[in-house]
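Source file my_file08.txt; content: compact mmCIF, C-alpha atoms and all ligand atoms.
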```txt
# COMPACT_ATOMS: atom_id res chain seq x y z
CA MET A 1 108.82 27.91 20.16
CA LYS A 2 112.56 28.13 19.57
CA LYS A 3 112.08 31.59 18.16
CA ILE A 4 110.25 32.76 21.27
CA THR A 5 112.93 31.38 23.56
CA ARG A 6 115.56 33.19 21.55
CA LYS A 7 113.56 36.40 21.70
CA VAL A 8 113.19 36.11 25.47
CA LEU A 9 116.89 35.49 25.79
CA TYR A 10 117.64 38.48 23.62
CA VAL A 11 115.38 40.73 25.71
CA LEU A 12 116.93 39.42 28.91
CA LEU A 13 120.39 40.07 27.54
CA THR A 14 119.51 43.59 26.46
CA VAL A 15 117.96 44.35 29.83
CA SER A 16 120.97 43.05 31.71
CA VAL A 17 123.37 45.05 29.56
CA LEU A 18 121.29 48.19 30.04
CA LEU A 19 121.05 47.52 33.76
CA GLY A 20 124.80 47.00 33.85
CA CYS A 21 125.29 50.40 32.23
CA ALA A 22 122.81 52.07 34.56
CA LEU A 23 124.49 50.59 37.62
CA ASN A 24 127.87 51.49 36.21
CA ILE A 25 129.07 47.91 36.21
CA PRO A 26 132.02 47.74 33.84
CA VAL A 27 131.21 45.58 30.82
CA PRO A 28 134.46 43.93 29.74
CA VAL A 29 135.66 44.85 26.27
CA ASN A 30 136.70 41.32 25.58
CA ALA A 31 134.60 38.78 27.42
CA ALA A 32 136.80 35.80 26.55
CA ALA A 33 139.10 34.44 29.24
CA PRO A 34 142.37 36.37 29.03
CA GLU A 35 145.14 34.72 27.10
CA GLN A 36 148.70 34.87 28.36
CA MET A 37 150.25 38.25 27.59
CA GLU A 38 153.96 38.95 27.66
CA VAL A 39 155.53 42.38 27.70
CA HIS A 40 159.22 42.37 26.74
CA PHE A 41 161.01 45.56 27.71
CA MET A 42 163.93 44.99 25.42
CA ASP A 43 167.37 46.18 26.37
CA VAL A 44 168.21 48.63 23.60
CA GLY A 45 170.60 50.77 25.61
CA GLN A 46 169.43 54.38 25.79
CA GLY A 47 166.04 54.18 24.10
CA ASP A 48 162.80 52.22 24.06
CA ALA A 49 161.60 49.05 22.39
CA THR A 50 158.80 47.01 23.94
CA LEU A 51 157.40 43.86 22.41
CA VAL A 52 153.93 42.76 23.49
CA THR A 53 152.55 39.33 22.62
CA CYS A 54 149.09 38.02 23.38
CA GLY A 55 147.43 34.91 21.95
CA GLY A 56 149.55 34.74 18.81
CA HIS A 57 149.35 38.48 18.17
CA ALA A 58 152.22 40.90 18.51
CA MET A 59 152.85 44.60 18.87
CA LEU A 60 156.06 46.59 19.03
CA ILE A 61 156.13 49.92 20.83
CA ASP A 62 159.19 51.85 19.63
CA ALA A 63 162.28 50.38 18.04
CA GLY A 64 165.40 51.80 19.72
CA ASP A 65 167.99 53.82 17.83
CA ASP A 66 169.42 52.98 14.42
CA THR A 67 172.14 50.72 15.88
CA LYS A 68 169.49 48.44 17.42
CA GLY A 69 167.39 47.45 14.40
CA THR A 70 169.16 44.13 13.84
CA ALA A 71 169.17 43.23 17.54
CA ILE A 72 165.41 43.82 17.62
CA GLN A 73 164.98 41.75 14.47
CA ASN A 74 166.92 38.87 16.07
CA TYR A 75 164.96 39.09 19.28
CA LEU A 76 161.62 39.05 17.46
CA GLN A 77 162.70 36.10 15.34
CA LYS A 78 163.72 34.23 18.49
CA GLN A 79 160.19 34.78 19.72
CA LYS A 80 158.97 33.24 16.44
CA ILE A 81 157.33 36.46 15.38
CA THR A 82 156.71 36.94 11.67
CA LYS A 83 154.03 39.58 11.81
CA LEU A 84 153.40 42.63 13.97
CA ASP A 85 149.74 43.59 14.28
CA TYR A 86 150.88 47.02 15.39
CA LEU A 87 154.05 49.04 15.26
CA ILE A 88 153.63 52.04 17.50
CA LEU A 89 156.29 54.71 17.23
CA THR A 90 155.53 56.97 20.17
CA HIS A 91 157.41 59.98 18.79
CA PRO A 92 160.02 60.67 16.13
CA ASP A 93 163.14 60.90 18.33
CA ALA A 94 166.02 58.73 17.13
CA ASP A 95 166.08 56.54 20.26
CA HIS A 96 162.50 55.45 19.48
CA ILE A 97 162.32 55.17 15.69
CA GLY A 98 165.93 54.53 14.60
CA GLY A 99 165.56 50.73 14.45
CA ALA A 100 162.11 50.85 12.84
CA PRO A 101 163.21 50.66 9.16
CA VAL A 102 164.83 47.25 9.78
CA VAL A 103 161.66 46.01 11.51
CA ILE A 104 159.44 47.33 8.73
CA THR A 105 161.64 45.72 6.09
CA LYS A 106 162.00 42.33 7.77
CA PHE A 107 158.50 41.72 9.17
CA LYS A 108 154.91 41.90 8.05
CA VAL A 109 153.49 44.97 9.72
CA GLY A 110 149.79 45.68 10.08
CA ASN A 111 149.11 49.11 11.51
CA VAL A 112 151.79 51.72 11.98
CA PHE A 113 150.91 54.43 14.47
CA VAL A 114 152.95 57.60 14.70
CA SER A 115 152.73 60.78 16.70
CA ASN A 116 151.40 63.97 15.12
CA PHE A 117 154.89 65.49 15.37
CA GLU A 118 157.00 65.24 12.25
CA LYS A 119 160.74 65.68 12.12
CA ASP A 120 162.79 66.76 9.21
CA ASN A 121 165.92 64.71 9.67
CA LYS A 122 167.61 61.65 8.17
CA THR A 123 166.29 59.18 10.73
CA TYR A 124 162.72 60.25 10.11
CA GLN A 125 163.16 60.27 6.34
CA LYS A 126 164.55 56.72 6.47
CA LEU A 127 161.47 55.65 8.35
CA ILE A 128 159.14 57.24 5.82
CA GLN A 129 161.13 55.67 2.99
CA SER A 130 160.88 52.18 4.48
CA LEU A 131 157.12 52.60 4.87
CA ASP A 132 156.77 53.86 1.31
CA ASP A 133 158.77 50.90 0.02
CA LYS A 134 156.27 48.50 1.54
CA GLN A 135 153.32 50.77 0.79
CA ILE A 136 152.33 50.98 4.43
CA LYS A 137 150.28 53.95 5.50
CA LEU A 138 150.84 55.82 8.73
CA LEU A 139 148.11 56.67 11.15
CA THR A 140 147.97 58.98 14.13
CA PRO A 141 145.47 57.30 16.42
CA LYS A 142 142.77 59.40 18.05
CA VAL A 143 142.55 59.76 21.82
CA ASN A 144 140.11 57.25 23.32
CA SER A 145 140.26 55.01 20.26
CA ARG A 146 140.55 51.33 21.07
CA TYR A 147 142.29 48.42 19.46
CA THR A 148 142.64 44.79 20.36
CA LEU A 149 145.63 42.47 20.54
CA GLY A 150 144.33 38.96 21.23
CA THR A 151 142.32 39.32 24.41
CA ALA A 152 144.17 42.51 25.33
CA SER A 153 142.84 45.98 24.66
CA ILE A 154 144.81 49.09 23.74
CA THR A 155 143.34 52.47 24.62
CA ILE A 156 145.00 55.54 23.15
CA LEU A 157 145.45 58.34 25.73
CA ALA A 158 147.58 60.89 23.86
CA PRO A 159 148.46 63.06 22.01
CA GLY A 160 145.15 64.88 22.12
CA LYS A 161 146.61 68.04 20.59
CA THR A 162 149.78 69.34 18.98
CA TYR A 163 152.85 70.33 20.96
CA ASP A 164 155.96 72.25 20.01
CA ASN A 165 158.29 69.40 20.96
CA PRO A 166 158.48 65.72 20.03
CA ASN A 167 158.51 64.32 23.58
CA ASP A 168 155.18 65.84 24.64
CA SER A 169 153.72 64.66 21.35
CA SER A 170 154.29 61.03 22.37
CA ILE A 171 151.56 58.48 21.82
CA ALA A 172 150.45 57.26 25.25
CA LEU A 173 148.42 54.10 25.70
CA LEU A 174 146.92 51.83 28.29
CA LEU A 175 147.30 48.13 27.58
CA LYS A 176 144.87 45.92 29.45
CA ASN A 177 144.52 42.15 29.62
CA GLY A 178 141.93 40.78 32.02
CA ASN A 179 142.31 42.75 35.22
CA ARG A 180 145.92 43.78 34.68
CA SER A 181 147.07 46.89 32.90
CA PHE A 182 150.27 48.49 31.64
CA LEU A 183 150.78 52.18 30.91
CA PHE A 184 153.10 53.56 28.23
CA THR A 185 153.70 57.28 27.77
CA GLY A 186 156.81 57.44 25.57
CA ASP A 187 158.81 60.53 26.50
CA ALA A 188 155.78 62.69 27.43
CA GLY A 189 156.66 65.41 29.95
CA GLU A 190 154.61 67.07 32.65
CA ASP A 191 152.49 69.21 30.29
CA ALA A 192 151.44 66.19 28.30
CA GLU A 193 150.88 64.19 31.48
CA ASN A 194 148.56 66.92 32.75
CA ASP A 195 146.65 66.80 29.48
CA ILE A 196 146.19 63.05 29.89
CA LEU A 197 144.87 63.66 33.41
CA LYS A 198 142.43 66.23 32.06
CA THR A 199 140.77 63.61 29.88
CA GLY A 200 139.48 62.02 33.09
CA THR A 201 140.30 58.52 31.82
CA ASP A 202 141.18 56.01 34.51
CA ILE A 203 144.92 55.56 33.94
CA SER A 204 145.62 53.44 36.99
CA ALA A 205 147.94 50.62 35.99
CA ASP A 206 149.71 47.69 37.58
CA VAL A 207 152.85 48.27 35.54
CA TYR A 208 154.06 51.75 34.64
CA LYS A 209 156.66 52.04 31.93
CA VAL A 210 158.33 55.09 33.44
CA GLY A 211 158.04 58.12 31.17
CA HIS A 212 161.08 59.47 29.32
CA HIS A 213 163.58 56.89 30.61
CA GLY A 214 163.10 58.08 34.19
CA SER A 215 163.66 61.78 33.49
CA ARG A 216 162.68 64.20 36.26
CA TYR A 217 160.58 66.12 33.72
CA SER A 218 158.16 63.22 33.49
CA THR A 219 156.36 61.17 36.17
CA SER A 220 154.97 64.33 37.76
CA LYS A 221 153.37 63.86 41.18
CA ASP A 222 149.69 64.09 40.23
CA PHE A 223 150.18 61.91 37.22
CA PHE A 224 152.05 59.28 39.17
CA GLN A 225 149.36 59.20 41.84
CA ALA A 226 146.72 58.63 39.20
CA VAL A 227 148.72 55.73 37.76
CA ASP A 228 149.39 54.32 41.21
CA PRO A 229 151.40 51.33 39.94
CA PHE A 230 152.71 48.26 41.75
CA TYR A 231 155.62 47.93 39.35
CA ALA A 232 157.68 50.41 37.36
CA VAL A 233 159.99 49.64 34.45
CA ILE A 234 162.71 52.05 33.37
CA SER A 235 164.27 51.65 29.93
CA CYS A 236 167.62 53.43 29.77
CA GLY A 237 171.21 52.82 28.83
CA GLU A 238 173.92 52.08 31.37
CA GLY A 239 175.91 55.27 32.00
CA ASN A 240 173.79 57.30 29.57
CA SER A 241 174.80 60.93 29.14
CA TYR A 242 171.41 62.31 30.24
CA GLY A 243 171.74 60.96 33.76
CA HIS A 244 168.61 58.84 33.37
CA PRO A 245 167.00 57.79 35.57
CA HIS A 246 167.01 61.00 37.58
CA ALA A 247 167.09 60.89 41.38
CA GLU A 248 163.78 62.74 41.69
CA THR A 249 161.96 60.05 39.73
CA LEU A 250 163.58 57.25 41.70
CA ASN A 251 162.55 58.97 44.93
CA THR A 252 158.96 59.21 43.74
CA LEU A 253 158.95 55.49 43.01
CA ARG A 254 160.80 54.56 46.17
CA THR A 255 158.67 56.49 48.62
CA SER A 256 155.52 54.88 47.29
CA GLY A 257 156.92 51.37 47.63
CA VAL A 258 156.85 50.59 43.92
CA MET A 259 159.00 47.71 42.68
CA VAL A 260 161.41 49.02 40.07
CA TYR A 261 162.92 47.14 37.13
CA ARG A 262 165.66 48.72 34.99
CA THR A 263 167.00 47.61 31.63
CA ASP A 264 170.36 49.28 32.35
CA GLU A 265 170.78 46.87 35.26
CA ALA A 266 168.82 43.77 34.29
CA GLY A 267 169.00 43.76 30.51
CA THR A 268 165.76 42.73 28.81
CA ILE A 269 162.86 42.51 31.26
CA VAL A 270 159.83 40.33 30.59
CA ALA A 271 156.57 40.79 32.47
CA SER A 272 153.91 38.11 32.02
CA THR A 273 150.26 38.16 32.96
CA ASP A 274 147.32 35.80 32.68
CA GLY A 275 145.02 38.73 33.36
CA LYS A 276 145.03 38.05 37.09
CA SER A 277 148.60 38.29 38.32
CA VAL A 278 151.81 39.76 36.97
CA SER A 279 155.24 38.15 37.16
CA PHE A 280 158.68 39.29 36.10
CA ASN A 281 161.59 37.21 34.82
CA VAL A 282 164.13 39.14 36.90
CA PRO A 283 164.19 40.36 40.49
CA ALA A 284 163.34 43.99 41.20
CA SER A 285 166.20 46.46 41.41
CA GLU A 286 167.36 47.62 44.81
CA SER A 287 170.14 49.93 43.73
CA TRP A 288 168.12 53.19 43.62
CA LYS A 289 171.10 54.51 41.72
CA ALA A 290 170.46 57.64 39.72
CA GLY A 291 172.31 58.24 36.50
CA GLU A 292 175.07 60.79 36.20
CA PRO A 293 174.81 63.29 33.39
CA THR A 294 178.09 63.60 31.56
CA GLY A 295 177.28 66.65 29.49
CA GLY A 296 178.27 65.89 25.92
CA SER A 297 175.04 65.06 24.15
CA ALA A 298 173.00 65.69 27.29
CA ASN A 299 170.69 68.67 27.03
CA SER A 300 170.91 71.67 29.32
CA SER A 301 168.16 70.39 31.56
CA THR A 302 170.05 67.39 32.86
CA LYS A 303 172.64 69.14 34.99
CA ALA A 304 173.55 68.08 38.49
CA ALA A 305 171.26 65.20 39.24
CA ALA A 306 171.22 64.76 42.98
CA LYS A 307 171.93 61.44 44.59
CA PRO A 308 168.82 59.72 45.90
CA LYS A 309 167.93 60.48 49.48
CA THR A 310 168.50 57.59 51.81
CA SER A 311 165.87 58.45 54.41
CA ALA A 312 163.10 56.41 52.88
CA SER A 313 165.21 53.40 52.08
CA SER A 314 164.35 51.12 54.98
CA LYS A 315 160.63 51.36 54.32
CA SER A 316 160.70 50.67 50.65
CA GLN A 317 163.42 48.06 50.76
CA ALA A 318 161.31 46.05 53.11
CA THR A 319 158.68 45.82 50.42
CA THR A 320 160.89 44.51 47.66
CA PRO A 321 161.93 40.91 47.15
CA ALA A 322 165.56 39.87 47.19
CA ALA A 323 167.14 41.38 44.14
CA SER A 324 170.51 41.26 42.56
CA ALA A 325 171.11 44.61 41.01
CA GLN A 326 174.78 43.88 40.58
CA THR A 327 174.43 40.58 38.78
CA LYS A 328 173.16 41.18 35.31
CA PRO A 329 170.83 38.34 34.25
CA ALA A 330 171.32 36.70 30.89
CA ALA A 331 170.56 39.08 28.07
CA ASP A 332 168.25 36.59 26.43
CA ALA A 333 165.25 37.03 28.65
CA GLY A 334 162.83 34.99 26.61
CA GLN A 335 161.77 32.61 29.32
CA ALA A 336 160.49 33.49 32.73
CA ALA A 337 162.89 32.14 35.28
CA THR A 338 163.00 33.80 38.64
CA PRO A 339 160.45 34.53 41.28
CA THR A 340 156.85 34.87 40.43
CA VAL A 341 155.43 37.91 42.10
CA ASN A 342 151.70 37.71 42.21
CA GLU A 343 150.81 40.73 44.24
CA PRO A 344 153.42 42.97 45.79
CA SER A 345 154.14 42.46 49.44
CA ALA A 346 153.45 46.14 50.07
CA ALA A 347 149.89 45.29 50.99
CA PRO A 348 150.03 42.05 52.93
CA ALA A 349 146.49 42.37 54.25
CA THR A 350 144.96 42.64 50.79
CA PRO A 351 142.57 39.78 50.09
CA PRO A 352 142.96 38.07 46.75
CA GLN A 353 141.22 40.08 44.10
CA ASN A 354 137.89 38.69 43.05
CA GLU A 355 137.66 38.86 39.32
CA THR A 356 133.95 39.32 38.95
CA ALA A 357 132.70 41.22 41.97
CA PRO A 358 133.02 45.00 41.85
CA ALA A 359 135.91 46.07 44.05
CA VAL A 360 133.78 48.25 46.28
CA GLU A 361 131.74 45.30 47.43
CA GLU A 362 134.65 43.13 48.43
CA LYS A 363 134.69 44.26 52.01
CA PRO A 364 132.02 44.31 54.64
CA GLN A 365 130.42 47.69 55.01
CA ASP A 366 131.57 48.16 58.60
CA SER A 367 135.28 47.65 57.97
CA THR A 368 136.25 51.16 59.06
CA PRO A 369 139.82 51.12 60.37
CA PRO A 370 140.51 52.33 63.90
CA ALA A 371 140.28 56.09 63.85
CA THR A 372 143.03 58.32 65.09
CA ASN A 373 141.77 61.83 65.82
CA GLY A 374 138.63 60.74 64.01
CA LEU A 375 140.67 60.30 60.81
CA THR A 376 139.17 57.46 58.81
CA TYR A 377 140.57 57.83 55.32
CA VAL A 378 142.93 59.98 53.29
CA LEU A 379 141.50 61.30 50.03
CA ASN A 380 143.15 62.52 46.89
CA VAL A 381 140.74 65.17 45.69
CA LYS A 382 142.25 65.15 42.20
CA THR A 383 142.56 61.44 41.41
CA LYS A 384 139.43 60.64 43.48
CA LYS A 385 141.13 57.76 45.27
CA PHE A 386 140.88 57.10 48.96
CA HIS A 387 143.38 55.35 51.17
CA ASN A 388 143.78 53.88 54.61
CA PRO A 389 145.83 56.34 56.68
CA SER A 390 148.52 53.62 56.87
CA CYS A 391 148.81 53.26 53.08
CA HIS A 392 152.33 53.40 51.60
CA SER A 393 151.24 55.71 48.81
CA LEU A 394 149.37 58.51 50.50
CA PRO A 395 149.00 61.60 48.35
CA THR A 396 151.46 64.40 48.99
CA THR A 397 149.49 66.92 46.97
CA ASN A 398 145.71 67.27 46.65
CA ARG A 399 145.43 65.43 49.97
CA GLN A 400 142.37 65.75 52.15
CA ASP A 401 141.95 63.94 55.45
CA SER A 402 138.49 62.59 56.03
CA THR A 403 136.57 61.57 59.11
CA GLU A 404 133.67 60.28 57.08
CA SER A 405 132.52 56.70 56.63
CA ARG A 406 133.57 54.50 53.73
CA ASP A 407 130.08 54.54 52.26
CA SER A 408 129.85 58.29 52.37
CA ILE A 409 133.25 58.69 50.68
CA ILE A 410 132.28 56.23 47.94
CA SER A 411 128.99 58.05 47.44
CA GLN A 412 131.06 61.14 46.64
CA GLY A 413 132.67 59.32 43.76
CA TYR A 414 135.89 58.14 45.40
CA VAL A 415 137.36 54.72 44.59
CA PRO A 416 139.48 52.62 46.95
CA CYS A 417 143.25 52.55 46.48
CA LYS A 418 144.32 49.26 44.93
CA LYS A 419 147.24 48.89 47.30
CA CYS A 420 145.74 49.38 50.75
CA ASN A 421 142.25 48.27 49.69
CA PRO A 422 140.44 50.43 52.27
ZN ZN B 1 163.53 58.73 24.43
ZN ZN B 2 162.20 61.71 23.15
```
Mind converting the file's structure to structure tokens?
Ligand SMILES: [Zn+2]
Ligand SMILES: [Zn+2]
Amino acid sequence: MKKITRKVLYVLLTVSVLLGCALNIPVPVNAAAPEQMEVHFMDVGQGDATLVTCGGHAMLIDAGDDTKGTAIQNYLQKQKITKLDYLILTHPDADHIGGAPVVITKFKVGNVFVSNFEKDNKTYQKLIQSLDDKQIKLLTPKVNSRYTLGTASITILAPGKTYDNPNDSSIALLLKNGNRSFLFTGDAGEDAENDILKTGTDISADVYKVGHHGSRYSTSKDFFQAVDPFYAVISCGEGNSYGHPHAETLNTLRTSGVMVYRTDEAGTIVASTDGKSVSFNVPASESWKAGEPTGGSANSSTKAAAKPKTSASSKSQATTPAASAQTKPAADAGQAATPTVNEPSAAPATPPQNETAPAVEEKPQDSTPPATNGLTYVLNVKTKKFHNPSCHSLPTTNRQDSTESRDSIISQGYVPCKKCNP
């Protein structure tokens, strides 16, 4: 009798999973309730080092330059970390791997992921030496491969091929916990961003770690529209010689009403999520101040960064909470202190997100907004998102105005924008 019941249950389960697949209902990778995840964008000056913790597991993405190894070690120890499940070194530039030998020496390290680009210089050799000393093998993860960190999942997005420069060879990944996701692209430039787009993977993310420290050669328009973040974090050094972040990137973020956080202004930034909402330990930046290249070690491509335009300021400033760009919060950003931002105020009419129901069913079928000239929705033919005409982040390229109904647009494969929730 028990056996039969179990068999029936098994059949029912199989049928429901198959049905779920057929109806294209996403089956969660990790069905358990999301554990608290914290993403620490550590202030390592000009460079990257991001610590992710989730349910007692830890991952470090990049390790700053070789002057930052000890600071990273101290920070990790303060967080009571003894073991890293993953050390991901996005690419072999010194501002990403320099501090890694200290981390490898001082902590237990599980998997070490590196880009497929090798460098023949001292910093890289030191890294290889430290790995050899502890007999740790390197791995270049394959695109679309998945890993878990507690209840969070890590999906590798790049590099899917070889490039002739280290930046484009960066490992890119989407980190997801519950319904909230974070995107990391290292220093990948436009070519690499386009290659990520070509994979067709859904790269939309709540938090976008801005590519290449806010360089104008990353965060290209199409790519940014596909990410469509609420929040953006820029890791760069105060007064860095490259002029990061560049004005063009800040303008892209500003005109789409994204809340920006900068390590050069705020120090270490910690984002926390329970899988439903995201909060930051510091207020968003309101400075919109681009860096000034000073030549010196800056490369030829960083000349004459323009000041940000002021025309769009009133709109985007209205969507950001009170911030104190001038007052630098305490460098030790271990505990969340200041305002909890559940959903950005950019979309005040958005109903709270239902965790289980598919997004497309959240609204009544007849909720077509008032049409102007018959215009019902604005489509992005490339990212396949559709927006209310009043949305703050309407596409500037690949835009198509539609007079069709919501149902008809969805039947063509479009998905509603997460901000305006059309
Ligand atoms: Zn870099
Ligand atoms: Zn780089």
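Shortest atom-to-atom contact with A:Glu265 among A:Gly45, A:Pro159, A:Thr252, A:Tyr208: A:Gly45, counting all atoms listed in the file.
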What gap, in Å, lies between atom CA of A:Val102 and atom CA of A:Ser145? 27.8 Å
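Closest to A:Pro92 among A:Ile136, A:Ala58, A:Leu149, A:Ile171 is A:Ile171, based on all atoms listed in the file.
Nearest to ligand ZN 2 (chain B) of all the residues A:Leu183, A:Cys236, A:Ile196, A:Cys54 is A:Cys236, counting only C-alpha atoms and all ligand atoms.
If you look at atom CA of A:Asp48 and atom CA of A:Lys126, they are 18.2 Å away from each other.
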Within-10 Å residues of ligand ZN 2 (chain B), basis all atoms listed in the file, as a PyMOL selection string: chain A and resi 47-48+90-97+165-170+186-189+211-213
Just the number, please: distance in Å from atom CA of A:Asp133 to atom CA of A:Leu87, one decimal. 16.1 Å
Would you mind listing what lies within 9 Å of A:Asp401 as a PyMOL selection string, with all atoms listed in the file counted and same-chain residues fewer than 5 positions away left out? chain A and resi 375-380+389
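Look at A:Val114: the protein and nucleic acid residues within 7 Å of it, using only C-alpha atoms and passing over chain neighbours fewer than 4 places away, are Ile88, Leu89, Thr90, His91, Leu138, Leu139 and Thr140 of chain A.
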Quick one: residues within 9 Å of A:Asp264, all atoms listed in the file counted, chain neighbours fewer than 3 positions away excluded, as a ChimeraX atom specification? /A:43,45-46,234-239,267-268
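Minimum distance to ligand ZN 1 (chain B) across A:Lys106, A:Lys137, A:His244, A:Lys176 (counting all atoms listed in the file) occurs at A:His244.
Among the candidates A:Gly374, A:Gly178, A:Gly413, A:Gly214, the residue lying nearest to ligand ZN 1 (chain B) is A:Gly214 (atoms considered: only C-alpha atoms and all ligand atoms).
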